[in-house]
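S.K.: Mind looking over this structure? Questions follow.
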Amino acid sequence: MRFSKNSYPTYERGIEKEWMLSNGRSAFSGSTIIGANSRKYHSILIASLKSPDERYMILPKVSEKLLIGEKEYPLTTTKYEDKVIKGYENLESFNYNGIPTYTYLVNGIKIIKEVFLEREKNTAIIKYKIESKKTSGDLILTPFMSFRDPGEVSLEENLKFKREIIDYGFKLNPELKKDLNIRLFLDKECTVSEEKGELLTDKVYYDVDKTTGDKYLEKYYIPGEFKISIKPYSLKEIHFVCTLEEEEIDPINIIKKETKRIENLRNTFEEDRILAKALPIGGDHFIVHRDSTDSKTILAGYPWFLDWGRDTMIAVVGLTMSTGRLDDAKDILKTFSRYEKNGLIPNMFPDFGKEPLYNTVDASLWYIHAIYTYLLYKNDIKELDFIYKELYPTMKKIIKAYKEGTDFSIKIEEDSLISAGSGLDQVTWMDVRVNGIVVTPRHGKPVEINALWYNALKIMELLAIKFKDPDFKEYKDLGEKVKESFNREFWSEEDKYLYDALSDTLKDNSIRPNAVYAVSLPFTMLDKEKEKMILDKIYEELYTPFGLRSLDKNNKDYKPYYEGELFKRDMAYHQGTAWSFPLGAYLTGVCKANDYSKDSLEFVDECLKDMEEHIKDDCLYGIAEIFDGEFPNKARGCYNQAWGVGEILRVYYEDILGNYKNLDKARENLFGFEV
């Protein structure tokens, strides 16, 4: 992706597109294509001391300028409270192929700047390639530092450091963590200036945070400056390093390894289309190591979400299985099995020594679905032995707990359907509770939970037969009862749609996207005619090019825009805001309900082309968490979300590339009878 000057004729246009990098241990960096930090999370290095929970803002940015004679030319763009330093006017182009690349051109001096993070280390490297024709000058690098929570702005104590001059740079110890060594240095000869050191910047202005009612002004600490001399007719490469690591840093080797790793991700699929090249890189950011479990996990979204059970189990198929990372998938599934409690898998892992949170009804059912899907992708009879020994006991505990009743009022009712939630509990994905207000109360029997319940029972029936477990008949009989009750109770003949939730006092006929899972899952309960009516209703009322609206536009509670301060945004979160992740289920549902006809596959491919336009906007190579329900469907929330990326990857792999046929063959191979 290449963006030239017509992409950023103004500051406002220049901050519309963002990039990000990650290191596999939840450290990350990111900024805009003009180098301006438009949100407090933007940085060259947000370090992770304990992955993924303990993160610190270290190096928000490096400000660069050229000195030619008596004149200064800014390269970096920075917005302060009262002015904008317009470095973008000297930016010739910005390129992104997984590596952010800025090209500046001033009076015959060309500077190409690339940013890298070392894999699994808290090290950021900026590579400068400097080429001059006949002009001489100096490149001045000014690091802007802080030591704070990435989600907060700096206070006075976050800007206090003990400074020491080292070879070609500085060593800093933050006052708040004195045993932490931060080294800033260049790998080649330069001049280190202390004259402008130990200063604070003016107040930097964050446009995104201003619009959301967050704190949007902060200062940075400047330890000093680096000066790189540029001679006429010269070509040089120099590396700026910011690291928390104690060992010696080899920037050239680190860059070589990271460039090769990203190129391998770009070649995950043979196709050259944007989706195929970009999303394996965008999806890689979410797969990180969690220290407290010593295993892989999936972060729900950048820049602020950690790992959530529900999000993980929805995203894991696309992020790991569709991209061939089956060992990562296996590691994640094993870890969640270890932490099962009362039939529930964690909705959130805490840091060391603390108990996980289990406040979700669907994560355990998605977990069973993920195990089944892993088996199909693996398509290895030997893998059944692993499932039987390590995961099947957990799966049985889940079904038993849901039948007998478990936490958060999760239990089977007389009609064999699952109900959940009471009081202020919010245990489905529509889970906002603010100031004591349950915004989308879905207590009782939510439609997608019972679609997942039936899907889980059919999976258990298959595995029980394979494992010669006599409980197979119980799963089979219960599944038949669920199917009968679901068809009788959930179908609304008036709306030609499914009720969203049922309780003793209410049949909620809100048109929400949750019904799509009664069509898209491997095992479903409705006839084809009803499935197509559901899909038609979704297309008419909920579909947008980037996601499905959480509520139809005709509902009195519909909120068209997700904007303003937190309370206002929370009230709109599931009341019309479009979500990226259910789009995957809808697209698979269209294929499945139409028996993968040529027309259905062409329709889905066209929809993916719309999403590819988003992949080129906003967070490059990523998919946002949510979008406004109304035109222009502006991206909101997390700028890169795991289940949004994962679901589009899954649809691309399974449906567009035709691998649904291989999954069908895997079912036959593994189970040896009609499924």
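All residue names refer to the structure tokens as shown: chains lettered A, B, ... in order, residues numbered from 1 in each chain, ligands numbered from 1 in order.
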Find the residues around Tyr216 in chain A up to 7 Å (only C-alpha atoms counted), leave out those fewer than 2 positions away in its own chain, and share them as number ranges by chain.
M.R.: A: 205-206, 209-210, 214, 218
S.K.: For the selection you just gave me, I'd like the residues written to a file as a short mmCIF file (atom, residue, chain, number, x, y, z; two decimals), in the first residue's frame, keeping N, CA and C atoms.
M.R.:
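Now in selection11.cif:
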```cif
data_model
loop_
_atom_site.label_atom_id
_atom_site.label_comp_id
_atom_site.auth_asym_id
_atom_site.auth_seq_id
_atom_site.Cartn_x
_atom_site.Cartn_y
_atom_site.Cartn_z
N TYR A 205 -1.41 17.29 21.39
CA TYR A 205 -2.86 17.24 21.26
C TYR A 205 -3.27 15.95 20.54
N TYR A 206 -4.21 15.17 21.13
CA TYR A 206 -4.68 13.92 20.54
C TYR A 206 -6.11 14.10 20.02
N ASP A 209 -8.78 11.20 20.93
CA ASP A 209 -9.19 11.21 22.33
C ASP A 209 -10.07 12.42 22.65
N LYS A 210 -9.86 13.51 21.95
CA LYS A 210 -10.71 14.68 22.15
C LYS A 210 -12.16 14.36 21.76
N ASP A 214 -12.10 11.81 26.26
CA ASP A 214 -10.97 11.40 27.10
C ASP A 214 -10.00 12.57 27.26
N GLU A 218 -0.99 16.11 26.68
CA GLU A 218 0.08 15.68 27.58
C GLU A 218 1.42 16.18 27.09
#
```
S.K.: Rank nothing, just name the residue among A:Lys260, A:Lys177, A:Lys227, A:Lys592 nearest to Ile58 in chain A, using only C-alpha atoms.
M.R.: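 Answer, going by the shortest atom-to-atom distance: A:Lys177.
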S.K.: Interatomic distance between CA of Gly30 in chain A and CA of Glu18 in chain A?
M.R.: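 One can read the CA of Gly30 in chain A to CA of Glu18 in chain A distance as 7.0 Å.
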S.K.: Could you state the separation of CA of Leu417 in chain A and CA of Lys483 in chain A in Å, given to one decimal place?
M.R.: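 CA of Lys483 in chain A lies 9.0 Å from CA of Leu417 in chain A.
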S.K.: Go through A:Leu376, A:Val115, A:Leu141, A:Cys242 one by one, measure the shortest atom-to-atom distance of each to Leu172 in chain A using only C-alpha atoms, and give the residue with the smallest value.
M.R.: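 Of A:Leu376, A:Val115, A:Leu141, A:Cys242, the one nearest Leu172 in chain A, counting only C-alpha atoms, is A:Cys242.
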S.K.: Could you pull out the strand (DSSP E) residues of range 82-148 of chain A from DSSP and send them as a PyMOL selection string?
M.R.: chain A and resi 84-85+91-96+100-106+109-117+123-132+137-144
S.K.: So that I can see what lies close to range 453-465 of chain A, please list as a ChimeraX atom specification the residues with an atom at most 9 Å from it, counting only C-alpha atoms and leaving out residues fewer than 5 positions away in the same chain.
M.R.: /A:362,365-366,368-369,372,384,388,392,395-396,399,417-418,448,470-476,478-480,482-483,521-525,671,675
S.K.: Skipping near chain neighbours, those fewer than 2 positions away, what residues fall within 12 Å of Ile298 in chain A using only C-alpha atoms, listed as a PyMOL selection string?
M.R.: chain A and resi 24-26+51-52+283-290+295-296+300-302+305-320+328-329+331-333+335-336+347-349+641-643+645-646
S.K.: Determine, counting only C-alpha atoms, which protein, DNA and RNA residues have an atom within 7 Å of an atom of Glu114 in chain A; residues of the same chain fewer than 5 positions away are not included. Present the result as a list of chain:residue names.
M.R.: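 Near Glu114 in chain A, the qualifying residues are A:Ile99, A:Pro100, A:Thr101, A:Tyr102, A:Ile126, A:Lys127, A:Tyr128.
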S.K.: What would the file look like if the residues just selected were written as a PDB file, in the first residue's frame with C-alpha atoms?
M.R.:
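Saved file out.pdb follows:
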```pdb
ATOM      1  CA  ILE A  99       6.597  -2.507   7.736  1.00  0.00           C
ATOM      2  CA  PRO A 100       5.805   1.230   7.969  1.00  0.00           C
ATOM      3  CA  THR A 101       8.029   3.190   5.591  1.00  0.00           C
ATOM      4  CA  TYR A 102       8.215   6.975   5.382  1.00  0.00           C
ATOM      5  CA  ILE A 126      14.095   2.962  13.389  1.00  0.00           C
ATOM      6  CA  LYS A 127      16.194   2.517  10.277  1.00  0.00           C
ATOM      7  CA  TYR A 128      17.206   5.673   8.401  1.00  0.00           C
TER       8      TYR A 128
END
```
